[in-house]
4 protein chains.
Amino acid sequence: MRAILLLSCKDQKGLVASIANFISDNGGNIVNLDEHVDSDEKMFFIRVEWEIGGLKFGKEELHSQFQPLADQFNAKWEIEFAEEKPKLAIFVSKYDHALQEILWRYKLGEFDVEISAIISNHDDLASLAENYDIPFHFFPISKESKNEQEKKEVELINKLEVDLIVLARYMQILSADFVSNFPNKIINIHHSFLPAFIGGNPYKQAFERGVKMIGATSHFVTNDLDEGPIIAQDIVRISHKDSVKDLVRKGRDLERLVLAKALHCFLEHRVLVHKGKTIVFE
Amino acid sequence: MRAILLLSCKDQKGLVASIANFISDNGGNIVNLDEHVDSDEKMFFIRVEWEIGGLKFGKEELHSQFQPLADQFNAKWEIEFAEEKPKLAIFVSKYDHALQEILWRYKLGEFDVEISAIISNHDDLASLAENYDIPFHFFPISKESKNEQEKKEVELINKLEVDLIVLARYMQILSADFVSNFPNKIINIHHSFLPAFIGGNPYKQAFERGVKMIGATSHFVTNDLDEGPIIAQDIVRISHKDSVKDLVRKGRDLERLVLAKALHCFLEHRVLVHKGKTIVFE
Amino acid sequence: MRAILLLSCKDQKGLVASIANFISDNGGNIVNLDEHVDSDEKMFFIRVEWEIGGLKFGKEELHSQFQPLADQFNAKWEIEFAEEKPKLAIFVSKYDHALQEILWRYKLGEFDVEISAIISNHDDLASLAENYDIPFHFFPISKESKNEQEKKEVELINKLEVDLIVLARYMQILSADFVSNFPNKIINIHHSFLPAFIGGNPYKQAFERGVKMIGATSHFVTNDLDEGPIIAQDIVRISHKDSVKDLVRKGRDLERLVLAKALHCFLEHRVLVHKGKTIVFE
Amino acid sequence: MRAILLLSCKDQKGLVASIANFISDNGGNIVNLDEHVDSDEKMFFIRVEWEIGGLKFGKEELHSQFQPLADQFNAKWEIEFAEEKPKLAIFVSKYDHALQEILWRYKLGEFDVEISAIISNHDDLASLAENYDIPFHFFPISKESKNEQEKKEVELINKLEVDLIVLARYMQILSADFVSNFPNKIINIHHSFLPAFIGGNPYKQAFERGVKMIGATSHFVTNDLDEGPIIAQDIVRISHKDSVKDLVRKGRDLERLVLAKALHCFLEHRVLVHKGKTIVFE
């Protein structure tokens, strides 16, 4: 069984030693350790993955055992267990490619998760959810109903104890209220190389600007539209021969892969957020 | 001997046939032809490269012979000869990497050009110019002297019959007056994947935004800062481990290569401009 | 309605003019023309796409009308109509990712084809075929039955008038007899950047060699294993952290995309073969 | 002042803790730590970079202080100091691009090294060496003189206490005797994506095979030609339009960048070798 620690705090001497001693003293064997110090910010970031062995206490006690050390460093931290499947809620509208990609990888075993719910403001993708035996929740949204519907969505998500919300080309802007419930727990895929082409119709914007490459960006959702911490990005080359329709087609492939990569990193507990940016321990 | 036609006009039937017949009737043999029709704009773009053979008139008459056909199409066009070296003026300030790259490729024979002048607002790179036996012109620029100095630069460039101005990390913004003298004849390298991070300090902007890739963009200069038609772009991946200094270092490689690629395309007469965008026949 | 000409022959003067005149004289309007002359081989290659308009004869006569010109050039050629859907037969075994990708794009309208048959030596993917309403043919193959089964496959393919056979991770080597029936009509996806790691287990080979990138290659099948003309290739970076299992996972994404790209090029009639190499008019 | 530990040994519990405690007990502060366990091989690899502070002994004693710990683990290890410049000898023949690139980066401060010697079997690049004030040693090599000349080269290298030999397009195959003197201390740049196109004329091989991308590979030199541990690789796309001459031109850019990257990694003490493969802590 493996545990993973993600921790950040002000840099100080002896941090690695303290953490490694804690693990070693409890019979663990470190299999992956990646540490980064931001010299300007004087911040310390670490991801440690270790094999738990010969614990003198139950694994659920690991958190309370570690707490005093974390307090000493004044650290932000979490310990996760590789065997415990994170719970996902996926938000979609009408486009199915990002959802298809997630489901396909899920079925293949690439994503070691439980998909607790697919939530949509349209019912187009209900049958796709059904094919994979995943509960589909339809919350149609109008200007008037938005607040109320979002409240129901939050209730559902909390009831299901969801760890991560994925916006798989969800074509609604979530309200500030909704977003504030799930800090660094909502991942979106935006179809441009952010910060270029923020907002609507990025492919059309890209076509009109005449760029020679288009991109996709997966990021955490904050209340600044398309301004959240970036997790993954990629680009593909285009030329004058490509119409907006071609950009949509080529971009679709990018969107799928970039979102999948961001999910992969998150689900393996490789992502830390600090001051609007991510540290991704790849 | 090879000639190259670059032509654009409203799309209409028989354009390729007319052009191919003109070439064929004059004993030419087409070795490369790339044609593109923009179906939305109903515009026709073509680049034809052919071996001139058995001309019944001097090659300098090719233009006047072609004129009636071009008039008939109401076309924008140029015919260039591969053997005639375009003349370059390179603007620099203090950074030498972009200039070094151009000179190195020039010496290697990659760029079949005559470098008529290196022009700078600083004298730091005079000795580098000297190493390559290229005239170096120093035009120090202050707020007060800018207008006057630019006028002298324009005079010099016109006297030298320069075909292309390259801003190889020239750290001055050229005035609208200057730019209007050389439409689609000034190529710049901007150190971001435009339209992201327009203006000053793009690496710092990129660092602060926390992007996962940085880019470089080579474009024609217009009077909208960093908004001119894009010729070439590329990116390189970065991570949280990279400081601004690392971005500068990694970006330097990109800048050199992207500018070289744009130059390569221009010098082989592969670039057409239409409505703020380029058609690059690669 | 659009027609596409793919033609290759010894280079000679007037080829483009003759072809453009033929199209123009028959009321066509060229929308895309890409021509390449191999100066060493003195070979001429062209792809022309035009809008048919005001034909004085039925479009089915276009071939016989063009024949005299082609004879004059001693050319290899074909004329296809963009509206006519090519017919595909897909060979699979047990892996479903390449098939899934093709079906997903097919359903989305990216591939304008008719999928006439899915043919397999295992019955694992029958239900996937059924989901898409595509006839599934199960031909179990043993050493003893191979010849006989392949004959039946050839019969089926001929009966269905299939234009292209796609090996979507088909885990059987086709016999020389089978292959010789379909020259340049069988596309395979090999999971390495050929010519590196020919044959079985390329990911294991790549892992053992310690390369820093893995690739995928889509190529026409000939009777020299993994030596056929290459249509498309791509790579992805790996590191010492990646196990063989990681390579398989990362490579799966590549395989899907590279095969899709090769298919895209073939189905839009962009691929010519000459002396064991392809000309891909992208 | 910073120290860097590179260490590999059989995996066992408590390794990170022991190393971190050693550093912490001696007043150091870890700024970068990257650790990898190969689960199949049960091998442990680590790179630690720390700020030395308040050492109770001279920094030159750090090695002897660490020795007992290393012995206990039965580890292969080295401790380097970031402030101490590694010494380089560069081997060249007639091509100057790889050498130019190294010298340019060296002058720019990207490579924090001392270039002790440029060694060549031709005298073509003597003046380039002179421009940078680097001693140039000319060892012309014939079949008869090879053994003797290589002996002199070894003597020179040993006398200069060179840490790394770089073959910057050196067009001679080094003898087994020579190579055995410098295990994992000779870096070569090969102009293909190894293991494709081993041996001579890889661009011609690539052209003839009709690949859609060419590559460059930087690797340690062993006595199996082009089979040494790979440090860095990259590729660039090509098409049917590219002649062998174009491949040489495009490949040159790759060679420069890939060799520079490999050097960068080596000089920052990021490269470990185990069983014919590298671990590169990027």
# chains A, B, ... in the order shown; residues from 1 in each chain; ligands from 1

call {"tool": "interface_residues", "arguments": {"of": "chain D", "to": "chain A", "cutoff": "7 Å", "atoms": "only C-alpha atoms", "output": "list in words"}}
result
Lys13, Gly14, Val16, Ala17, Ala20, Asn21, Ser24, Asn29, Val31, Asn32, Leu33, Asp34, Glu35, His36 and Val37 of chain D

call {"tool": "residues_around", "arguments": {"residues": "C:Leu156", "least_positions_apart": "5", "cutoff": "12 Å", "atoms": "only C-alpha atoms", "output": "JSON, numbers by chain"}}
result
{"C": [89, 116, 117, 118, 119, 135, 136, 137, 138, 139, 149, 150, 151, 161, 162, 165]}

call {"tool": "select_by_dssp", "arguments": {"residues": "stretch 48-186 of chain A", "states": "alpha helix (DSSP H)", "output": "PyMOL selection string"}}
result
chain A and resi 62-73+97-108+126-131+146-159+176-180

call {"tool": "write_last_selection", "arguments": {"atoms": "N, CA and C atoms", "output": "tab-separated table (two decimals), in the first residue's frame"}}
result
chain	number	residue	atom	x	y	z
A	62	LEU	N	-2.53	7.87	10.24
A	62	LEU	CA	-1.34	8.51	9.69
A	62	LEU	C	-1.47	10.03	9.71
A	63	HIS	N	-2.69	10.50	9.45
A	63	HIS	CA	-2.90	11.94	9.43
A	63	HIS	C	-2.65	12.56	10.80
A	64	SER	N	-3.22	11.96	11.81
A	64	SER	CA	-3.07	12.56	13.13
A	64	SER	C	-1.63	12.42	13.64
A	65	GLN	N	-0.97	11.34	13.23
A	65	GLN	CA	0.44	11.19	13.61
A	65	GLN	C	1.32	12.25	12.97
A	66	PHE	N	0.94	12.63	11.71
A	66	PHE	CA	1.77	13.59	10.98
A	66	PHE	C	1.49	15.04	11.40
A	67	GLN	N	0.28	15.24	11.94
A	67	GLN	CA	-0.18	16.60	12.24
A	67	GLN	C	0.84	17.44	13.04
A	68	PRO	N	1.42	16.90	14.11
A	68	PRO	CA	2.34	17.74	14.90
A	68	PRO	C	3.52	18.27	14.08
A	69	LEU	N	4.07	17.41	13.20
A	69	LEU	CA	5.17	17.82	12.35
A	69	LEU	C	4.72	18.96	11.43
A	70	ALA	N	3.55	18.76	10.81
A	70	ALA	CA	3.01	19.78	9.90
A	70	ALA	C	2.79	21.10	10.64
A	71	ASP	N	2.30	20.99	11.85
A	71	ASP	CA	2.06	22.20	12.65
A	71	ASP	C	3.36	22.94	12.90
A	72	GLN	N	4.37	22.16	13.22
A	72	GLN	CA	5.70	22.73	13.47
A	72	GLN	C	6.20	23.55	12.28
A	73	PHE	N	5.92	23.04	11.03
A	73	PHE	CA	6.35	23.76	9.82
A	73	PHE	C	5.35	24.82	9.38
A	97	HIS	N	-16.85	14.86	-26.91
A	97	HIS	CA	-15.50	14.30	-27.10
A	97	HIS	C	-14.67	14.26	-25.82
A	98	ALA	N	-14.76	15.31	-25.00
A	98	ALA	CA	-13.96	15.30	-23.77
A	98	ALA	C	-14.50	14.22	-22.82
A	99	LEU	N	-15.81	14.09	-22.76
A	99	LEU	CA	-16.41	13.05	-21.90
A	99	LEU	C	-16.03	11.66	-22.40
A	100	GLN	N	-16.17	11.45	-23.69
A	100	GLN	CA	-15.82	10.15	-24.29
A	100	GLN	C	-14.40	9.76	-23.90
A	101	GLU	N	-13.51	10.73	-24.01
A	101	GLU	CA	-12.10	10.46	-23.73
A	101	GLU	C	-11.90	10.02	-22.28
A	102	ILE	N	-12.57	10.72	-21.37
A	102	ILE	CA	-12.42	10.37	-19.96
A	102	ILE	C	-12.99	8.97	-19.70
A	103	LEU	N	-14.17	8.73	-20.26
A	103	LEU	CA	-14.82	7.42	-20.03
A	103	LEU	C	-13.99	6.29	-20.63
A	104	TRP	N	-13.46	6.55	-21.81
A	104	TRP	CA	-12.67	5.53	-22.48
A	104	TRP	C	-11.42	5.17	-21.66
A	105	ARG	N	-10.76	6.18	-21.14
A	105	ARG	CA	-9.56	5.94	-20.33
A	105	ARG	C	-9.93	5.30	-18.98
A	106	TYR	N	-11.05	5.72	-18.46
A	106	TYR	CA	-11.57	5.15	-17.21
A	106	TYR	C	-11.82	3.65	-17.37
A	107	LYS	N	-12.48	3.30	-18.46
A	107	LYS	CA	-12.78	1.89	-18.70
A	107	LYS	C	-11.51	1.07	-18.90
A	108	LEU	N	-10.52	1.71	-19.50
A	108	LEU	CA	-9.25	1.05	-19.79
A	108	LEU	C	-8.40	0.91	-18.53
A	126	ALA	N	-27.10	11.73	-21.97
A	126	ALA	CA	-27.62	10.78	-20.98
A	126	ALA	C	-27.35	9.33	-21.37
A	127	SER	N	-27.55	9.01	-22.64
A	127	SER	CA	-27.40	7.62	-23.05
A	127	SER	C	-25.93	7.19	-23.01
A	128	LEU	N	-25.03	8.14	-23.30
A	128	LEU	CA	-23.60	7.82	-23.20
A	128	LEU	C	-23.24	7.46	-21.75
A	129	ALA	N	-23.78	8.24	-20.81
A	129	ALA	CA	-23.56	7.94	-19.38
A	129	ALA	C	-24.11	6.56	-19.05
A	130	GLU	N	-25.27	6.28	-19.58
A	130	GLU	CA	-25.93	5.00	-19.32
A	130	GLU	C	-25.07	3.83	-19.81
A	131	ASN	N	-24.49	4.01	-21.00
A	131	ASN	CA	-23.62	2.95	-21.55
A	131	ASN	C	-22.54	2.54	-20.58
A	146	LYS	N	-30.89	29.46	-12.55
A	146	LYS	CA	-29.47	29.16	-12.36
A	146	LYS	C	-29.07	29.00	-10.89
A	147	ASN	N	-29.40	30.01	-10.08
A	147	ASN	CA	-29.03	29.96	-8.66
A	147	ASN	C	-29.52	28.70	-7.99
A	148	GLU	N	-30.79	28.46	-8.18
A	148	GLU	CA	-31.44	27.33	-7.53
A	148	GLU	C	-30.84	26.00	-7.99
A	149	GLN	N	-30.65	25.89	-9.31
A	149	GLN	CA	-30.11	24.64	-9.86
A	149	GLN	C	-28.69	24.39	-9.36
A	150	GLU	N	-27.92	25.45	-9.31
A	150	GLU	CA	-26.54	25.30	-8.83
A	150	GLU	C	-26.52	24.84	-7.37
A	151	LYS	N	-27.46	25.36	-6.59
A	151	LYS	CA	-27.54	24.92	-5.19
A	151	LYS	C	-27.77	23.42	-5.12
A	152	LYS	N	-28.67	22.95	-5.98
A	152	LYS	CA	-28.94	21.50	-6.00
A	152	LYS	C	-27.72	20.71	-6.43
A	153	GLU	N	-27.00	21.27	-7.37
A	153	GLU	CA	-25.78	20.61	-7.81
A	153	GLU	C	-24.75	20.52	-6.68
A	154	VAL	N	-24.61	21.63	-5.95
A	154	VAL	CA	-23.67	21.62	-4.82
A	154	VAL	C	-24.08	20.57	-3.79
A	155	GLU	N	-25.38	20.53	-3.49
A	155	GLU	CA	-25.88	19.51	-2.55
A	155	GLU	C	-25.52	18.10	-2.99
A	156	LEU	N	-25.80	17.84	-4.28
A	156	LEU	CA	-25.53	16.52	-4.83
A	156	LEU	C	-24.04	16.17	-4.70
A	157	ILE	N	-23.21	17.12	-5.08
A	157	ILE	CA	-21.76	16.91	-5.06
A	157	ILE	C	-21.27	16.66	-3.64
A	158	ASN	N	-21.81	17.43	-2.71
A	158	ASN	CA	-21.40	17.22	-1.33
A	158	ASN	C	-21.88	15.87	-0.81
A	159	LYS	N	-23.11	15.52	-1.15
A	159	LYS	CA	-23.66	14.23	-0.72
A	159	LYS	C	-22.81	13.07	-1.23
A	176	ALA	N	-19.99	32.60	-9.02
A	176	ALA	CA	-18.95	32.78	-8.00
A	176	ALA	C	-19.28	31.97	-6.75
A	177	ASP	N	-20.56	31.90	-6.44
A	177	ASP	CA	-20.99	31.11	-5.28
A	177	ASP	C	-20.61	29.65	-5.43
A	178	PHE	N	-20.97	29.12	-6.58
A	178	PHE	CA	-20.67	27.70	-6.84
A	178	PHE	C	-19.17	27.45	-6.71
A	179	VAL	N	-18.39	28.28	-7.43
A	179	VAL	CA	-16.94	28.06	-7.48
A	179	VAL	C	-16.30	28.13	-6.10
A	180	SER	N	-16.80	29.06	-5.28
A	180	SER	CA	-16.17	29.25	-3.96
A	180	SER	C	-16.35	28.03	-3.06

call {"tool": "residues_around", "arguments": {"residues": "D:Arg256", "least_positions_apart": "4", "cutoff": "12 Å", "atoms": "only C-alpha atoms", "output": "mmCIF file with N, CA and C atoms, in the first residue's frame"}}
result
data_model
loop_
_atom_site.group_PDB
_atom_site.id
_atom_site.type_symbol
_atom_site.label_atom_id
_atom_site.label_comp_id
_atom_site.auth_asym_id
_atom_site.auth_seq_id
_atom_site.Cartn_x
_atom_site.Cartn_y
_atom_site.Cartn_z
ATOM 1 N N GLU B 101 22.835 34.493 -34.844
ATOM 2 C CA GLU B 101 22.192 33.389 -35.560
ATOM 3 C C GLU B 101 22.078 33.707 -37.046
ATOM 4 N N ASP B 253 16.730 30.377 -27.424
ATOM 5 C CA ASP B 253 16.839 29.358 -28.477
ATOM 6 C C ASP B 253 15.661 29.439 -29.441
ATOM 7 N N LEU B 257 15.522 30.466 -33.592
ATOM 8 C CA LEU B 257 15.029 29.524 -34.598
ATOM 9 C C LEU B 257 13.793 30.053 -35.313
ATOM 10 N N TYR D 95 33.264 20.434 -39.513
ATOM 11 C CA TYR D 95 31.998 21.132 -39.281
ATOM 12 C C TYR D 95 32.131 22.023 -38.056
ATOM 13 N N ASP D 96 31.646 23.243 -38.164
ATOM 14 C CA ASP D 96 31.830 24.144 -37.030
ATOM 15 C C ASP D 96 30.552 24.411 -36.233
ATOM 16 N N HIS D 97 29.381 23.950 -36.693
ATOM 17 C CA HIS D 97 28.147 24.424 -36.064
ATOM 18 C C HIS D 97 28.006 23.974 -34.614
ATOM 19 N N ALA D 98 28.360 22.730 -34.317
ATOM 20 C CA ALA D 98 28.218 22.259 -32.940
ATOM 21 C C ALA D 98 29.211 23.000 -32.036
ATOM 22 N N LEU D 99 30.417 23.218 -32.530
ATOM 23 C CA LEU D 99 31.413 23.952 -31.748
ATOM 24 C C LEU D 99 30.981 25.403 -31.527
ATOM 25 N N GLN D 100 30.527 26.048 -32.605
ATOM 26 C CA GLN D 100 30.041 27.428 -32.512
ATOM 27 C C GLN D 100 28.986 27.562 -31.413
ATOM 28 N N GLU D 101 28.078 26.613 -31.419
ATOM 29 C CA GLU D 101 26.978 26.649 -30.462
ATOM 30 C C GLU D 101 27.501 26.568 -29.027
ATOM 31 N N ILE D 102 28.432 25.674 -28.804
ATOM 32 C CA ILE D 102 28.984 25.529 -27.452
ATOM 33 C C ILE D 102 29.714 26.808 -27.043
ATOM 34 N N LEU D 103 30.524 27.319 -27.964
ATOM 35 C CA LEU D 103 31.310 28.522 -27.636
ATOM 36 C C LEU D 103 30.404 29.718 -27.390
ATOM 37 N N TRP D 104 29.365 29.832 -28.201
ATOM 38 C CA TRP D 104 28.434 30.937 -28.062
ATOM 39 C C TRP D 104 27.742 30.894 -26.701
ATOM 40 N N ARG D 105 27.300 29.707 -26.303
ATOM 41 C CA ARG D 105 26.630 29.570 -25.008
ATOM 42 C C ARG D 105 27.622 29.762 -23.849
ATOM 43 N N LEU D 167 32.341 15.316 -28.217
ATOM 44 C CA LEU D 167 32.588 15.140 -29.644
ATOM 45 C C LEU D 167 31.579 15.990 -30.410
ATOM 46 N N ALA D 168 32.051 17.156 -30.854
ATOM 47 C CA ALA D 168 31.160 18.112 -31.516
ATOM 48 C C ALA D 168 31.260 17.903 -33.026
ATOM 49 N N ARG D 169 30.630 16.833 -33.496
ATOM 50 C CA ARG D 169 30.754 16.363 -34.876
ATOM 51 C C ARG D 169 32.213 16.026 -35.218
ATOM 52 N N ASN D 188 28.729 12.345 -27.261
ATOM 53 C CA ASN D 188 28.692 12.494 -28.718
ATOM 54 C C ASN D 188 27.319 13.015 -29.151
ATOM 55 N N ILE D 189 27.286 13.644 -30.329
ATOM 56 C CA ILE D 189 26.005 13.982 -30.936
ATOM 57 C C ILE D 189 25.898 13.188 -32.235
ATOM 58 N N HIS D 190 24.853 12.365 -32.312
ATOM 59 C CA HIS D 190 24.637 11.591 -33.539
ATOM 60 C C HIS D 190 23.424 12.167 -34.253
ATOM 61 N N HIS D 191 23.512 12.311 -35.567
ATOM 62 C CA HIS D 191 22.456 13.015 -36.282
ATOM 63 C C HIS D 191 21.349 12.106 -36.796
ATOM 64 N N GLY D 215 15.955 13.205 -36.611
ATOM 65 C CA GLY D 215 16.254 13.469 -35.214
ATOM 66 C C GLY D 215 17.732 13.646 -34.958
ATOM 67 N N ALA D 216 18.014 13.952 -33.705
ATOM 68 C CA ALA D 216 19.398 13.985 -33.247
ATOM 69 C C ALA D 216 19.428 13.388 -31.845
ATOM 70 N N THR D 217 20.543 12.735 -31.528
ATOM 71 C CA THR D 217 20.662 12.032 -30.257
ATOM 72 C C THR D 217 22.017 12.322 -29.642
ATOM 73 N N SER D 218 22.008 12.740 -28.400
ATOM 74 C CA SER D 218 23.271 12.911 -27.694
ATOM 75 C C SER D 218 23.420 11.764 -26.699
ATOM 76 N N ALA D 232 19.916 12.787 -24.448
ATOM 77 C CA ALA D 232 18.870 13.686 -24.956
ATOM 78 C C ALA D 232 18.588 13.389 -26.421
ATOM 79 N N GLN D 233 17.347 13.578 -26.811
ATOM 80 C CA GLN D 233 16.934 13.371 -28.202
ATOM 81 C C GLN D 233 15.893 14.405 -28.574
ATOM 82 N N ASP D 234 15.851 14.720 -29.834
ATOM 83 C CA ASP D 234 14.751 15.536 -30.329
ATOM 84 C C ASP D 234 14.573 15.284 -31.821
ATOM 85 N N ARG D 249 20.457 20.700 -43.392
ATOM 86 C CA ARG D 249 20.221 22.041 -42.836
ATOM 87 C C ARG D 249 19.307 21.995 -41.605
ATOM 88 N N LYS D 250 18.200 21.289 -41.735
ATOM 89 C CA LYS D 250 17.277 21.208 -40.599
ATOM 90 C C LYS D 250 17.889 20.433 -39.442
ATOM 91 N N GLY D 251 18.645 19.410 -39.785
ATOM 92 C CA GLY D 251 19.254 18.584 -38.754
ATOM 93 C C GLY D 251 20.309 19.338 -37.963
ATOM 94 N N ARG D 252 21.003 20.235 -38.655
ATOM 95 C CA ARG D 252 22.036 21.030 -37.993
ATOM 96 C C ARG D 252 21.472 21.765 -36.781
ATOM 97 N N ALA D 260 23.573 20.737 -26.872
ATOM 98 C CA ALA D 260 23.582 21.763 -25.820
ATOM 99 C C ALA D 260 22.783 21.287 -24.609
ATOM 100 N N LYS D 261 21.649 20.628 -24.872
ATOM 101 C CA LYS D 261 20.830 20.161 -23.766
ATOM 102 C C LYS D 261 21.544 19.073 -22.960
ATOM 103 N N ALA D 262 22.176 18.155 -23.670
ATOM 104 C CA ALA D 262 22.891 17.079 -22.985
ATOM 105 C C ALA D 262 24.027 17.659 -22.138
ATOM 106 N N LEU D 263 24.742 18.617 -22.717
ATOM 107 C CA LEU D 263 25.828 19.256 -21.980
ATOM 108 C C LEU D 263 25.303 19.953 -20.728
#

call {"tool": "residues_around", "arguments": {"residues": "A:Val271", "least_positions_apart": "5", "cutoff": "12 Å", "atoms": "only C-alpha atoms", "output": "ChimeraX atom specification"}}
result
/A:4-8,34,45-47,77-78,184-185,187,219-220,229-232,261-266,277-282 /B:240

call {"tool": "select_by_dssp", "arguments": {"residues": "stretch 23-248 of chain C", "states": "strand (DSSP E or B)", "output": "MDAnalysis selection string"}}
result
chainID C and resid 29:38 43:51 76:81 87:92 114:120 136:138 164:167 186:190 213:220 230:237

call {"tool": "atom_distance", "arguments": {"atom1": "atom CA of D:Thr222", "atom2": "atom CA of D:Pro183"}}
result
7.4 Å
